[in-house]
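Here is query_7.txt, consisting of compact mmCIF, C-alpha atoms:
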# COMPACT_ATOMS: atom_id res chain seq x y z
CA MET L 28 37.78 236.59 -65.46
CA SER L 29 40.99 235.58 -67.22
CA THR L 30 43.38 238.01 -68.87
CA HIS L 31 42.31 236.71 -72.29
CA ASP L 32 38.63 237.33 -71.47
CA SER L 33 39.47 240.83 -70.23
CA VAL L 34 41.25 241.67 -73.49
CA THR L 35 38.35 240.27 -75.50
CA GLU L 36 35.86 242.43 -73.60
CA GLN L 37 38.10 245.46 -74.11
CA ASP L 38 38.35 244.79 -77.85
CA ARG L 39 34.56 244.67 -78.11
CA ARG L 40 34.39 248.24 -76.88
CA PHE L 41 36.55 249.50 -79.72
CA PRO L 42 34.68 251.35 -82.48
CA ASP L 43 33.57 249.62 -85.66
CA VAL L 44 36.11 250.67 -88.29
CA SER L 45 35.05 248.27 -91.04
CA GLN L 46 33.58 251.04 -93.22
CA LEU L 47 36.54 253.41 -93.00
CA VAL L 48 38.45 254.14 -96.20
CA VAL L 49 42.16 253.77 -95.44
CA GLY L 50 44.77 255.63 -97.46
CA VAL L 51 48.37 254.44 -97.50
CA LEU L 52 50.87 257.11 -98.52
CA GLY L 53 54.00 255.41 -99.74
CA GLY L 54 51.87 252.46 -100.71
CA THR L 55 54.24 251.48 -103.49
CA GLY L 56 57.05 250.76 -101.01
CA ASP L 57 57.41 247.44 -99.22
CA GLN L 58 55.88 248.50 -95.89
CA GLY L 59 53.05 250.42 -97.51
CA ARG L 60 52.24 247.62 -99.93
CA GLY L 61 52.23 245.11 -97.10
CA LEU L 62 49.87 247.16 -94.95
CA ALA L 63 47.58 247.87 -97.90
CA TYR L 64 47.45 244.17 -98.74
CA ARG L 65 46.70 243.03 -95.18
CA LEU L 66 44.03 245.65 -94.55
CA ALA L 67 42.31 245.03 -97.87
CA LYS L 68 42.44 241.28 -97.23
CA ALA L 69 40.70 241.97 -93.90
CA GLY L 70 37.90 243.74 -95.80
CA GLN L 71 39.01 247.36 -95.49
CA GLN L 72 38.60 249.79 -98.40
CA VAL L 73 42.14 250.85 -99.28
CA VAL L 74 43.59 253.59 -101.49
CA ILE L 75 47.31 253.52 -102.24
CA GLY L 76 48.95 256.92 -102.61
CA SER L 77 52.16 257.73 -104.46
CA ARG L 78 53.81 260.78 -105.98
CA THR L 79 52.36 259.76 -109.34
CA ALA L 80 48.93 258.26 -109.89
CA GLU L 81 50.28 255.88 -112.53
CA ARG L 82 52.71 254.26 -110.13
CA ALA L 83 50.03 253.91 -107.45
CA GLU L 84 47.53 252.45 -109.92
CA ALA L 85 50.09 249.88 -111.10
CA ALA L 86 50.80 248.77 -107.52
CA ALA L 87 47.07 248.61 -106.73
CA ALA L 88 46.38 246.50 -109.81
CA GLU L 89 49.17 244.11 -108.83
CA LEU L 90 47.80 243.72 -105.29
CA GLY L 91 44.15 243.34 -106.32
CA LEU L 92 41.57 242.95 -103.52
CA GLY L 93 39.73 246.07 -104.69
CA ILE L 94 42.66 248.34 -103.77
CA ARG L 95 42.68 251.62 -105.69
CA GLY L 96 45.65 253.81 -106.61
CA ALA L 97 45.90 257.60 -106.79
CA ASP L 98 48.36 260.43 -106.31
CA ASN L 99 49.04 261.33 -102.68
CA ALA L 100 46.70 264.33 -102.63
CA THR L 101 43.77 262.39 -104.07
CA ALA L 102 44.37 259.40 -101.80
CA SER L 103 44.43 261.74 -98.79
CA ARG L 104 41.20 263.47 -99.77
CA GLU L 105 39.34 260.22 -100.45
CA SER L 106 40.36 258.49 -97.21
CA ASP L 107 38.97 258.69 -93.67
CA LEU L 108 42.25 257.56 -92.12
CA VAL L 109 45.69 257.88 -93.70
CA ILE L 110 48.76 255.76 -92.94
CA VAL L 111 52.08 257.48 -93.66
CA ALA L 112 54.62 254.89 -94.86
CA VAL L 113 56.93 257.07 -96.92
CA PRO L 114 60.75 256.99 -96.67
CA TRP L 115 62.12 259.13 -93.85
CA ASP L 116 64.05 261.39 -96.21
CA GLY L 117 60.80 262.35 -97.95
CA HIS L 118 58.63 262.52 -94.82
CA ALA L 119 58.63 266.27 -94.17
CA ALA L 120 58.19 267.35 -97.78
CA THR L 121 55.38 264.88 -98.41
CA LEU L 122 53.36 265.91 -95.37
CA ALA L 123 53.95 269.65 -95.77
CA ALA L 124 52.41 269.42 -99.23
CA LEU L 125 49.31 267.63 -97.89
CA ARG L 126 48.39 269.87 -94.98
CA GLU L 127 45.06 270.89 -96.51
CA GLU L 128 44.09 267.40 -97.72
CA LEU L 129 44.85 265.81 -94.33
CA ALA L 130 43.05 268.42 -92.21
CA GLY L 131 40.59 266.69 -89.89
CA LYS L 132 41.81 263.20 -90.83
CA ILE L 133 43.31 260.59 -88.54
CA VAL L 134 46.94 260.30 -89.64
CA VAL L 135 48.89 257.19 -88.60
CA ASP L 136 52.63 257.73 -88.88
CA CYS L 137 54.64 254.52 -89.12
CA VAL L 138 57.91 256.03 -90.34
CA ASN L 139 61.14 255.02 -88.61
CA PRO L 140 63.96 257.61 -88.81
CA LEU L 141 67.00 255.37 -89.19
CA GLY L 142 70.54 255.65 -90.47
CA PHE L 143 72.71 252.80 -91.71
CA ASP L 144 76.47 252.29 -91.67
CA LYS L 145 78.90 249.36 -91.59
CA GLN L 146 77.74 248.48 -88.09
CA GLY L 147 74.09 248.28 -89.12
CA ALA L 148 71.00 250.35 -88.38
CA TYR L 149 70.88 253.13 -85.81
CA ALA L 150 68.19 255.57 -84.69
CA LEU L 151 68.10 259.19 -85.81
CA ARG L 152 66.65 261.92 -83.59
CA PRO L 153 64.50 264.38 -85.56
CA GLU L 154 64.51 267.98 -84.41
CA GLU L 155 60.85 267.65 -83.38
CA GLY L 156 61.64 264.53 -81.32
CA SER L 157 60.26 261.83 -83.63
CA ALA L 158 58.75 261.33 -87.06
CA ALA L 159 55.28 261.36 -85.50
CA GLN L 160 55.94 264.65 -83.70
CA GLN L 161 57.24 266.11 -86.95
CA ALA L 162 53.97 265.04 -88.57
CA ALA L 163 52.01 266.75 -85.79
CA VAL L 164 53.92 270.00 -86.36
CA LEU L 165 53.42 269.88 -90.12
CA LEU L 166 49.75 268.83 -89.86
CA PRO L 167 48.29 270.96 -87.05
CA ASP L 168 44.72 270.33 -88.19
CA ALA L 169 45.08 266.53 -88.40
CA ARG L 170 44.66 263.93 -85.65
CA VAL L 171 48.16 262.48 -85.64
CA THR L 172 48.90 259.08 -84.13
CA ALA L 173 51.84 256.69 -84.41
CA ALA L 174 51.58 252.93 -85.05
CA PHE L 175 52.61 249.97 -87.25
CA HIS L 176 56.36 250.55 -86.77
CA HIS L 177 57.50 247.03 -85.90
CA LEU L 178 55.96 244.97 -88.69
CA SER L 179 58.00 242.89 -91.09
CA ALA L 180 57.34 243.98 -94.67
CA VAL L 181 58.34 240.47 -95.78
CA LEU L 182 55.64 238.83 -93.64
CA LEU L 183 53.04 241.46 -94.54
CA GLN L 184 53.47 240.80 -98.25
CA ASP L 185 53.61 237.00 -98.06
CA PRO L 186 50.19 235.63 -99.12
CA SER L 187 51.01 232.20 -97.68
CA ILE L 188 51.02 233.66 -94.15
CA GLU L 189 47.51 233.87 -92.70
CA GLN L 190 48.36 235.55 -89.36
CA ILE L 191 50.89 238.19 -88.35
CA ASP L 192 51.82 237.27 -84.79
CA THR L 193 52.58 240.66 -83.24
CA ASP L 194 51.26 243.55 -81.20
CA VAL L 195 51.04 247.08 -82.62
CA MET L 196 52.11 249.90 -80.31
CA VAL L 197 49.71 252.83 -80.79
CA LEU L 198 50.59 256.32 -79.55
CA GLY L 199 48.73 259.60 -79.61
CA ASP L 200 47.19 262.44 -77.65
CA ASP L 201 43.66 261.96 -79.06
CA ARG L 202 42.22 258.92 -77.29
CA GLU L 203 39.33 258.50 -79.71
CA ALA L 204 41.83 258.43 -82.58
CA THR L 205 44.09 255.88 -80.86
CA ASP L 206 41.04 253.66 -80.17
CA ILE L 207 40.25 253.72 -83.89
CA VAL L 208 43.83 252.83 -84.80
CA GLN L 209 43.86 250.00 -82.25
CA ALA L 210 40.64 248.68 -83.77
CA LEU L 211 42.13 248.90 -87.25
CA ALA L 212 45.22 246.93 -86.19
CA ALA L 213 42.97 244.25 -84.71
CA ARG L 214 41.33 243.76 -88.10
CA ILE L 215 44.49 241.97 -89.26
CA PRO L 216 44.50 238.35 -87.99
CA GLY L 217 47.08 237.79 -85.24
CA MET L 218 47.54 241.47 -84.40
CA ARG L 219 46.47 243.52 -81.41
CA GLY L 220 46.59 247.27 -81.05
CA ILE L 221 48.07 248.28 -77.69
CA PHE L 222 47.90 251.86 -76.42
CA ALA L 223 51.51 252.81 -75.63
CA GLY L 224 51.40 256.43 -74.51
CA ARG L 225 51.29 259.96 -75.83
CA LEU L 226 52.94 261.17 -79.01
CA ARG L 227 55.89 262.56 -77.05
CA ASN L 228 56.93 258.94 -76.43
CA ALA L 229 57.06 258.00 -80.11
CA HIS L 230 60.84 258.33 -80.47
CA GLN L 231 61.74 255.20 -78.55
CA VAL L 232 59.05 253.20 -80.36
CA GLU L 233 60.36 254.33 -83.75
CA SER L 234 63.96 253.72 -82.64
CA LEU L 235 63.29 250.15 -81.49
CA VAL L 236 63.17 249.13 -85.16
CA ALA L 237 66.98 249.44 -85.23
CA ASN L 238 67.12 246.76 -82.53
CA LEU L 239 64.68 244.53 -84.40
CA ILE L 240 66.82 244.81 -87.53
CA SER L 241 69.76 243.59 -85.46
CA VAL L 242 67.66 240.69 -84.13
CA ASN L 243 66.59 239.76 -87.65
CA ARG L 244 70.15 239.78 -88.96
CA ARG L 245 71.50 237.72 -86.08
CA TYR L 246 68.74 235.11 -86.04
CA LYS L 247 67.64 235.26 -89.70
CA ALA L 248 64.14 236.06 -88.51
CA HIS L 249 61.29 238.53 -89.01
CA ALA L 250 60.90 239.59 -85.39
CA GLY L 251 57.86 241.34 -83.96
CA LEU L 252 56.73 242.36 -80.47
CA ARG L 253 54.30 240.98 -77.92
CA VAL L 254 53.26 242.92 -74.81
CA THR L 255 52.71 240.60 -71.83
CA ASP L 256 50.10 240.80 -69.06
CA VAL L 257 47.75 243.00 -71.11
Structure translated into structure tokens:
Amino acid sequence: MSTHDSVTEQDRRFPDVSQLVVGVLGGTGDQGRGLAYRLAKAGQQVVIGSRTAERAEAAAAELGLGIRGADNATASRESDLVIVAVPWDGHAATLAALREELAGKIVVDCVNPLGFDKQGAYALRPEEGSAAQQAAVLLPDARVTAAFHHLSAVLLQDPSIEQIDTDVMVLGDDREATDIVQALAARIPGMRGIFAGRLRNAHQVESLVANLISVNRRYKAHAGLRVTDV
């Protein structure tokens, strides 16, 4: 059996996630809008969350595809799985306020703690170790995973691009949850979800975005990642 066949057989064992309602907190930002658009285009039910319902509803109406908009609390309550795509400086406050709404939910943190100066982007080290570990501390009753860090918001939002040629590194301590997130990533044409370790290893995955920003600036590209021999 070839490597490709092996991966195909593995993908078939992933759960069916087509009926899950996906919430995207920070869905009015570039990354959140891009993920919402791609998942809805793949047939997923999507709810965009924002601090104000009006802003979320406006973004949802602009995107179309049956996407709904709501305030963050409502989007969290109405979703089965919630992607956190808020700015790093609002990460802790946003999640702390949603502890009750996110209890029992699969939470996918895709936030990259980065700083910027004249030399470009550089990684920040949160006290908890990573943005995903901070989410796990703030949401003890949620099933926290980390994924979707290395995607170009430009490519995600470009309707002329049919496939996003990249792998999605998925981390977490709950294997059932990471299987679901891998399956969700695979719903987007061109993507694969690759299990990449426990949540304690999220820092280097989040930090790698600083390197990709450097690649993009040097080569005027929208770089992604592929994992070989898997």
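Note that the spacing between atom CA of Glu105 of chain L and atom CA of Pro167 of chain L amounts to 19.4 Å.
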Would you kindly return, as number ranges by chain, each protein, DNA or RNA residue with an atom no farther than 8 Å from any atom of segment 79-95 of chain L, considering all atoms listed in the file and excluding same-chain residues fewer than 6 positions away?
L: 54-55, 60, 63-64, 67-68, 72-73
Same residues, C-alpha atoms, output as a PDB file, keeping the file's coordinate frame:
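As written to disk, again.pdb reads:
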ATOM      1  CA  GLY L  54      51.870 252.460-100.710  1.00  0.00           C
ATOM      2  CA  THR L  55      54.240 251.480-103.490  1.00  0.00           C
ATOM      3  CA  ARG L  60      52.240 247.620 -99.930  1.00  0.00           C
ATOM      4  CA  ALA L  63      47.580 247.870 -97.900  1.00  0.00           C
ATOM      5  CA  TYR L  64      47.450 244.170 -98.740  1.00  0.00           C
ATOM      6  CA  ALA L  67      42.310 245.030 -97.870  1.00  0.00           C
ATOM      7  CA  LYS L  68      42.440 241.280 -97.230  1.00  0.00           C
ATOM      8  CA  GLN L  72      38.600 249.790 -98.400  1.00  0.00           C
ATOM      9  CA  VAL L  73      42.140 250.850 -99.280  1.00  0.00           C
TER      10      VAL L  73
END
Pairwise distance for atom CA of Gln209 of chain L and atom CA of Phe175 of chain L, rounded to one decimal in Å
10.1 Å
Point-to-point distance in Å for atom CA of Leu166 of chain L and atom CA of Thr101 of chain L
16.7 Å
When you look at segment 121-134 of chain L with a cut-off of 7 Å (counting only C-alpha atoms), what residues show up, excluding the ones that are within fewer than 6 positions of it in the same chain? I need them as a list in words.
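Surrounding residues, per the criterion: Ala100, Ser103, Arg104, Asp107, Leu108, Val109, Ile110, Ala162, Leu165, Leu166, Asp168, Ala169, Arg170, Val171, Thr172 and Ala204 of chain L.
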Within 10 Å of Arg227 of chain L using all atoms listed in the file, minus same-chain residues under 3 positions, as a ChimeraX atom specification:
/L:155-157,159-160,198-200,224,230-231
Hey, which of L:Gly59, L:Gly53, L:Met218, L:Gln46 ends up closest to Gly251 of chain L? Count only C-alpha atoms.
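Checking each candidate against Gly251 of chain L, we get L:Met218 as the closest.
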Between L:Pro42, L:Gly147, L:Gly96, L:Gly70, smallest distance to Arg245 of chain L by all atoms listed in the file belongs to L:Gly147
Neighbour residues at most 7 Å from (62.0, 254.7, -85.6) (only C-alpha atoms) as an MDAnalysis selection string
chainID L and resid 138:141 150 230 232:236
One residue among L:Ile221, L:Val164, L:Val51, L:Leu211 is nearest to Ala119 of chain L when using all atoms listed in the file, and that residue is L:Val164
For Phe41 of chain L, the nearest of the candidates L:Ala248, L:Val254, L:Val208, L:Ala229, counting only C-alpha atoms
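The closest residue to Phe41 of chain L is L:Val208.
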Selected residue of minimal separation from Gly142 of chain L among L:Val111, L:Leu252, L:Leu47, L:Ala237, counting all atoms listed in the file
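When distances to Gly142 of chain L are compared using all atoms listed in the file, the smallest one comes from L:Ala237.
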Could you give me segment 35-63 of chain L completed to N, CA and C atoms, formatted as a compact mmCIF listing (two decimals), in the coordinates of the input?
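Saved the output as part_1.txt:
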# COMPACT_ATOMS: atom_id res chain seq x y z
N THR L 35 39.45 240.43 -74.56
CA THR L 35 38.35 240.27 -75.50
C THR L 35 37.25 241.28 -75.22
N GLU L 36 36.89 241.45 -73.95
CA GLU L 36 35.86 242.43 -73.60
C GLU L 36 36.30 243.84 -73.97
N GLN L 37 37.58 244.15 -73.76
CA GLN L 37 38.10 245.46 -74.11
C GLN L 37 38.00 245.69 -75.61
N ASP L 38 38.39 244.67 -76.39
CA ASP L 38 38.35 244.79 -77.85
C ASP L 38 36.94 245.05 -78.35
N ARG L 39 35.95 244.48 -77.68
CA ARG L 39 34.56 244.67 -78.11
C ARG L 39 34.11 246.11 -77.94
N ARG L 40 34.78 246.85 -77.10
CA ARG L 40 34.39 248.24 -76.88
C ARG L 40 35.04 249.18 -77.89
N PHE L 41 35.95 248.67 -78.69
CA PHE L 41 36.55 249.50 -79.72
C PHE L 41 35.51 249.83 -80.79
N PRO L 42 35.65 250.97 -81.46
CA PRO L 42 34.68 251.35 -82.48
C PRO L 42 34.73 250.42 -83.69
N ASP L 43 33.64 250.37 -84.41
CA ASP L 43 33.57 249.62 -85.66
C ASP L 43 34.25 250.44 -86.75
N VAL L 44 35.35 249.93 -87.27
CA VAL L 44 36.11 250.67 -88.29
C VAL L 44 36.00 250.03 -89.67
N SER L 45 35.10 249.07 -89.81
CA SER L 45 35.05 248.27 -91.04
C SER L 45 34.68 249.09 -92.26
N GLN L 46 34.00 250.23 -92.07
CA GLN L 46 33.58 251.04 -93.22
C GLN L 46 34.53 252.19 -93.53
N LEU L 47 35.60 252.33 -92.75
CA LEU L 47 36.54 253.41 -93.00
C LEU L 47 37.35 253.16 -94.27
N VAL L 48 37.55 254.20 -95.06
CA VAL L 48 38.45 254.14 -96.20
C VAL L 48 39.84 254.49 -95.70
N VAL L 49 40.80 253.59 -95.93
CA VAL L 49 42.16 253.77 -95.44
C VAL L 49 43.08 254.12 -96.61
N GLY L 50 43.75 255.26 -96.49
CA GLY L 50 44.77 255.63 -97.46
C GLY L 50 46.13 255.23 -96.95
N VAL L 51 47.00 254.80 -97.87
CA VAL L 51 48.37 254.44 -97.50
C VAL L 51 49.32 255.25 -98.37
N LEU L 52 49.89 256.30 -97.79
CA LEU L 52 50.87 257.11 -98.52
C LEU L 52 52.21 256.39 -98.49
N GLY L 53 52.83 256.27 -99.64
CA GLY L 53 54.00 255.41 -99.74
C GLY L 53 53.59 253.98 -99.95
N GLY L 54 52.42 253.80 -100.52
CA GLY L 54 51.87 252.46 -100.71
C GLY L 54 52.54 251.65 -101.79
N THR L 55 53.48 252.25 -102.50
CA THR L 55 54.24 251.48 -103.49
C THR L 55 55.53 250.91 -102.91
N GLY L 56 55.90 251.33 -101.70
CA GLY L 56 57.05 250.76 -101.01
C GLY L 56 56.67 249.48 -100.30
N ASP L 57 57.67 248.75 -99.80
CA ASP L 57 57.41 247.44 -99.22
C ASP L 57 56.47 247.50 -98.02
N GLN L 58 56.72 248.42 -97.09
CA GLN L 58 55.88 248.50 -95.89
C GLN L 58 54.46 248.93 -96.25
N GLY L 59 54.36 249.94 -97.10
CA GLY L 59 53.05 250.42 -97.51
C GLY L 59 52.26 249.38 -98.26
N ARG L 60 52.92 248.69 -99.19
CA ARG L 60 52.24 247.62 -99.93
C ARG L 60 51.76 246.53 -99.00
N GLY L 61 52.60 246.17 -98.03
CA GLY L 61 52.23 245.11 -97.10
C GLY L 61 51.03 245.48 -96.25
N LEU L 62 51.01 246.70 -95.74
CA LEU L 62 49.87 247.16 -94.95
C LEU L 62 48.62 247.24 -95.80
N ALA L 63 48.74 247.77 -97.00
CA ALA L 63 47.58 247.87 -97.90
C ALA L 63 47.01 246.48 -98.18
